[in-house]
Amino acid sequence: YNVEDTSIVILGAGPAGGAVALGLKKLGYTNITIVGEPRQFCAMEGVSERVVDGLRGAGFSHALEKLPPASARFVTWNGVTSQANTERLIDRAAFDAAILMDLAMQGIHVIQGRAGEVISTSTGHNISVESSGQSIQLDADFLVEARGRAAPAAKLKRLRGAETVSILQYWEGEPGERQSAVQSFEDGWAWMAADEKGRRYLQLTFDVASSILPEKSRLAEFCIEKLNTLEQAQPYLANATSTGEIHARTSTPILCQEAVGDNWIRVGDAAMAVDPLSGNGIFQALSSSLQAPAVINTLLREPEKALLAQRFHQLRITELFFRFARIGRDFYAMEEQWQEQPFWEIRAQWPDKQPMHQSSDITQLRVKTLPVVNQGLIEAVDVVTSPDQPLGVWHLNGVPLAPIILAYQSSPDELAVIQEQCLAMQLNEQQQRQVLQWLVGQGAS
Ligand code: FAD
């Protein structure tokens, strides 16, 4: 029995499931099956340049081709309008189809179908799948749960932010420029996007408990009334008509506090889903999925290190979740016109009061033994932690930092000690310069 032949089934073929499949393939796994059902609705989403790097790093090529160039993003927040930045607007149906194409081209076994009941034991999983009107039973040694927000999690411990819903309306109008806009209002915020074919996606986000939300039959009319009051929405409504279709998506931030076991793992939105205000959902989905193959590889090859690998995955996901939650909190807090409104009051304080970045000085740096990814496996190594980097930094351009900081701490006033350590580590001149610059950046004099 070769570890590479372990049967691995991935449920959900979005960016997270797709990235895990490609990552496992690169590690030599040959028996990977991914089960994916296309999304049931059209959506346009905005992504940053970091997603381009993430997709490239994961090994996608068709999905990369579906990313259009960056377009203008207008923002009206706290009563101030700016064209602060840009984003790439992707058509999710085309993007997700390109992910499937990448997977099939790279030899991953793709089943287009819907996963139903999953029966799991400590030795494996049995999954019922409906595909083209047929029922299939799949057996897996290892299961990757990547069904996004739809992934069942009733039995798992989860942390939830304020319950939030985003209502999406589709409009069609004259072809024009691809662009997007954000605007805050008393009870929520709007995100609007248009592509060059004249399709418009108008998304309004509210608190689920908001008393202004009408019953379902009046929802479309209610959204149009709200959009009519928003300055940024006007270019999207001009010479356009609503298709009448409406789609509500839950957008509550959710962290799964049990995201990995001995023979299963959750990735992407199934592990942690962020507030869409951050515009970083796809980025975080890729982040958790790029680390997952090393966690799975360790669980399968070195089960004695299972706790270490599980701790690594859970810590990274938790850290990422709180980072995005705090970015969102600070953005909500910048809106000061309706601070007393429940929508804004709750979100400007959640998840905590901890600043986005913790300032630290060199005396707070510590050397700790923590898990990292090393050559496709999770390993415990000495890293340098700070209040802002609790998970630690292992390398600086290939140079391990722990021995450097230990040398510094032994004699903080003597440059010669650092130089000796650099020589002992056989660092070249450029690396020595980088190490010294890093130390100065941390506050060394
Ligand atoms: P998904 O992309 O959701 O993929 C899961 C896949 O599993 C889907 O294809 C689904 O159809 C499939 N699936 C579900 N159930 C089954 C089943 N039973 N069997 C088989 N397949 C199944 N992110 C951004 O980066 N930019 C944005 O502008 C943005 N806007 C957003 C707006 C809203 C309102 C919301 C809610 C989210 C937004 N996001 C945005 C977040 C983004 O959509 C997700 O974070 C990202 O898609 C997560 O990737 P994933 O692979 O984990 O899950």
# chains A, B, ... in the order shown; residues from 1 in each chain; ligands from 1
>>> residues_around(residues="Arg329 (chain A)", least_positions_apart="5", cutoff="8 Å", atoms="only C-alpha atoms", output="PDB file with N, CA and C atoms, in the first residue's frame")
ATOM      1  N   ARG A 347     -21.425  46.057  14.379  1.00  0.00           N
ATOM      2  CA  ARG A 347     -20.304  45.673  13.515  1.00  0.00           C
ATOM      3  C   ARG A 347     -19.043  46.491  13.761  1.00  0.00           C
ATOM      4  N   ALA A 348     -19.204  47.712  14.310  1.00  0.00           N
ATOM      5  CA  ALA A 348     -18.016  48.540  14.592  1.00  0.00           C
ATOM      6  C   ALA A 348     -17.290  48.046  15.838  1.00  0.00           C
ATOM      7  N   GLN A 349     -17.870  47.058  16.543  1.00  0.00           N
ATOM      8  CA  GLN A 349     -17.240  46.571  17.784  1.00  0.00           C
ATOM      9  C   GLN A 349     -16.852  45.102  17.731  1.00  0.00           C
ATOM     10  N   TRP A 350     -17.313  44.415  16.712  1.00  0.00           N
ATOM     11  CA  TRP A 350     -17.075  42.971  16.658  1.00  0.00           C
ATOM     12  C   TRP A 350     -15.838  42.684  15.805  1.00  0.00           C
ATOM     13  N   PRO A 351     -14.928  41.809  16.141  1.00  0.00           N
ATOM     14  CA  PRO A 351     -15.042  40.753  17.163  1.00  0.00           C
ATOM     15  C   PRO A 351     -14.492  41.160  18.534  1.00  0.00           C
TER      16      PRO A 351
END
>>> residues_around(residues="region 127-137 of chain A", least_positions_apart="4", cutoff="6 Å", atoms="only C-alpha atoms", output="number ranges by chain")
A: 113-118
>>> residues_around(residues="region 269-274 of chain A", least_positions_apart="4", cutoff="6 Å", atoms="only C-alpha atoms", output="list in words")
Ala146, Gly148, Arg149, Ala151, Pro253, Ile254, Leu255, Cys256 and Ala259 of chain A
>>> closest_residue(among="A:Ala333, A:Ile282, A:Leu377, A:Ile32", to="Ala309 (chain A)", atoms="only C-alpha atoms")
A:Leu377
>>> closest_residue(among="A:Arg178, A:Lys26, A:Lys305, A:Arg147", to="ligand 1", atoms="only C-alpha atoms and all ligand atoms")
A:Arg147
>>> residues_around(residues="region 203-216 of chain A", least_positions_apart="5", cutoff="6 Å", atoms="only C-alpha atoms", output="MDAnalysis selection string")
chainID A and resid 163:168 188:191
>>> select_by_dssp(residues="region 240-319 of chain A", states="strand (DSSP E)", output="ChimeraX atom specification")
/A:240-250,254-256,264-266,272-273
>>> write_last_selection(atoms="C-alpha atoms", output="short mmCIF file (atom, residue, chain, number, x, y, z; two decimals), in the first residue's frame")
data_model
loop_
_atom_site.label_atom_id
_atom_site.label_comp_id
_atom_site.auth_asym_id
_atom_site.auth_seq_id
_atom_site.Cartn_x
_atom_site.Cartn_y
_atom_site.Cartn_z
CA ALA A 240 -31.61 49.63 -17.25
CA THR A 241 -34.39 47.37 -16.07
CA SER A 242 -34.58 44.82 -13.33
CA THR A 243 -34.81 41.23 -14.54
CA GLY A 244 -37.13 40.59 -11.60
CA GLU A 245 -34.80 37.89 -10.27
CA ILE A 246 -33.59 38.18 -6.72
CA HIS A 247 -31.23 36.03 -4.69
CA ALA A 248 -30.53 36.21 -0.96
CA ARG A 249 -27.15 34.95 0.34
CA THR A 250 -26.19 34.65 3.95
CA ILE A 254 -18.42 32.26 10.60
CA LEU A 255 -15.35 30.55 12.04
CA CYS A 256 -15.44 26.77 12.36
CA TRP A 264 -10.99 14.97 7.34
CA ILE A 265 -10.38 18.67 6.90
CA ARG A 266 -12.49 21.74 6.13
CA MET A 272 -14.09 30.23 7.85
CA ALA A 273 -16.32 32.61 5.91
#
>>> residues_around(residues="Asp262 (chain A)", least_positions_apart="2", cutoff="12 Å", atoms="only C-alpha atoms", output="MDAnalysis selection string")
chainID A and resid 120:124 141:144 258:260 264:266 295:311
>>> atom_distance(atom1="atom 46 (C, counted along the ligand's line) of ligand 1", atom2="CA of Leu89 (chain A)")
13.7 Å
>>> select_by_dssp(residues="region 206-267 of chain A", states="helix (DSSP H, G or I)", output="PyMOL selection string")
chain A and resi 216-228+231-237
>>> write_last_selection(atoms="N, CA and C atoms", output="tab-separated table (two decimals), in the first residue's frame")
chain	number	residue	atom	x	y	z
A	216	LYS	N	-41.11	38.36	1.88
A	216	LYS	CA	-40.45	37.96	0.64
A	216	LYS	C	-41.08	38.58	-0.62
A	217	SER	N	-42.41	38.62	-0.65
A	217	SER	CA	-43.10	39.07	-1.87
A	217	SER	C	-42.83	40.55	-2.17
A	218	ARG	N	-42.40	41.32	-1.15
A	218	ARG	CA	-42.16	42.75	-1.36
A	218	ARG	C	-40.67	43.09	-1.45
A	219	LEU	N	-39.83	42.03	-1.39
A	219	LEU	CA	-38.38	42.25	-1.29
A	219	LEU	C	-37.81	42.99	-2.50
A	220	ALA	N	-38.23	42.58	-3.71
A	220	ALA	CA	-37.67	43.17	-4.92
A	220	ALA	C	-38.00	44.66	-4.97
A	221	GLU	N	-39.25	44.97	-4.70
A	221	GLU	CA	-39.70	46.37	-4.71
A	221	GLU	C	-38.94	47.19	-3.65
A	222	PHE	N	-38.77	46.58	-2.48
A	222	PHE	CA	-38.06	47.23	-1.38
A	222	PHE	C	-36.61	47.56	-1.78
A	223	CYS	N	-35.96	46.61	-2.46
A	223	CYS	CA	-34.57	46.83	-2.89
A	223	CYS	C	-34.50	47.99	-3.89
A	224	ILE	N	-35.46	48.03	-4.81
A	224	ILE	CA	-35.44	49.10	-5.82
A	224	ILE	C	-35.62	50.46	-5.12
A	225	GLU	N	-36.54	50.50	-4.16
A	225	GLU	CA	-36.75	51.77	-3.43
A	225	GLU	C	-35.46	52.20	-2.74
A	226	LYS	N	-34.77	51.26	-2.13
A	226	LYS	CA	-33.52	51.57	-1.43
A	226	LYS	C	-32.46	52.04	-2.42
A	227	LEU	N	-32.33	51.30	-3.52
A	227	LEU	CA	-31.30	51.65	-4.52
A	227	LEU	C	-31.54	53.05	-5.09
A	228	ASN	N	-32.82	53.40	-5.25
A	228	ASN	CA	-33.15	54.73	-5.79
A	228	ASN	C	-32.63	55.86	-4.91
A	231	GLU	N	-26.80	57.49	-4.26
A	231	GLU	CA	-26.13	58.22	-5.34
A	231	GLU	C	-25.29	57.28	-6.23
A	232	GLN	N	-24.56	56.37	-5.58
A	232	GLN	CA	-23.67	55.49	-6.35
A	232	GLN	C	-24.45	54.49	-7.22
A	233	ALA	N	-25.71	54.26	-6.87
A	233	ALA	CA	-26.48	53.27	-7.64
A	233	ALA	C	-27.00	53.85	-8.95
A	234	GLN	N	-27.04	55.20	-9.05
A	234	GLN	CA	-27.71	55.81	-10.20
A	234	GLN	C	-27.16	55.35	-11.56
A	235	PRO	N	-25.81	55.32	-11.75
A	235	PRO	CA	-25.32	54.87	-13.05
A	235	PRO	C	-25.72	53.43	-13.38
A	236	TYR	N	-25.99	52.63	-12.36
A	236	TYR	CA	-26.32	51.21	-12.58
A	236	TYR	C	-27.81	51.03	-12.90
A	237	LEU	N	-28.61	52.02	-12.47
A	237	LEU	CA	-30.05	51.94	-12.71
A	237	LEU	C	-30.42	52.65	-14.02
>>> atom_distance(atom1="CA of Ala193 (chain A)", atom2="atom 23 (N, counted along the ligand's line) of ligand 1")
13.4 Å
>>> residues_around(residues="region 65-82 of chain A", least_positions_apart="5", cutoff="9 Å", atoms="only C-alpha atoms", output="list in words")
Val47, Ser48, Glu49, Val52, Glu87, Arg88, Leu89, Ile90, Asp91, Ala94, Phe95, Ala98, Glu177, Arg178, Gln179, Ser180, Ala181, Val182, Gln183, Ser184, Phe185, Ala193, Glu231, Gln232, Met334, Glu335, Glu336, Gln337 and Trp338 of chain A
>>> closest_residue(among="A:Leu103, A:Ala162, A:Val267, A:Leu439", to="ligand 1", atoms="only C-alpha atoms and all ligand atoms")
A:Val267
>>> atom_distance(atom1="CA of Gly281 (chain A)", atom2="atom 8 (C, counted along the ligand's line) of ligand 1")
13.1 Å
>>> residues_around(residues="Asp139 (chain A)", least_positions_apart="5", cutoff="9 Å", atoms="only C-alpha atoms", output="mmCIF file with C-alpha atoms, in the first residue's frame")
data_model
loop_
_atom_site.group_PDB
_atom_site.id
_atom_site.type_symbol
_atom_site.label_atom_id
_atom_site.label_comp_id
_atom_site.auth_asym_id
_atom_site.auth_seq_id
_atom_site.Cartn_x
_atom_site.Cartn_y
_atom_site.Cartn_z
ATOM 1 C CA SER A 7 -8.467 7.668 -1.785
ATOM 2 C CA ILE A 8 -9.223 11.338 -1.155
ATOM 3 C CA VAL A 9 -12.644 12.805 -1.928
ATOM 4 C CA GLY A 124 -13.202 6.214 6.276
ATOM 5 C CA HIS A 125 -16.204 7.889 4.682
ATOM 6 C CA ASN A 126 -19.077 6.852 2.475
ATOM 7 C CA ILE A 127 -20.614 9.592 0.351
#
>>> closest_residue(among="A:Ser278, A:Ser359, A:Lys368, A:Asn31", to="Phe331 (chain A)", atoms="only C-alpha atoms")
A:Ser278
>>> closest_residue(among="A:Asp53, A:Asp382, A:Ala444, A:Thr86", to="Pro412 (chain A)", atoms="only C-alpha atoms")
A:Ala444
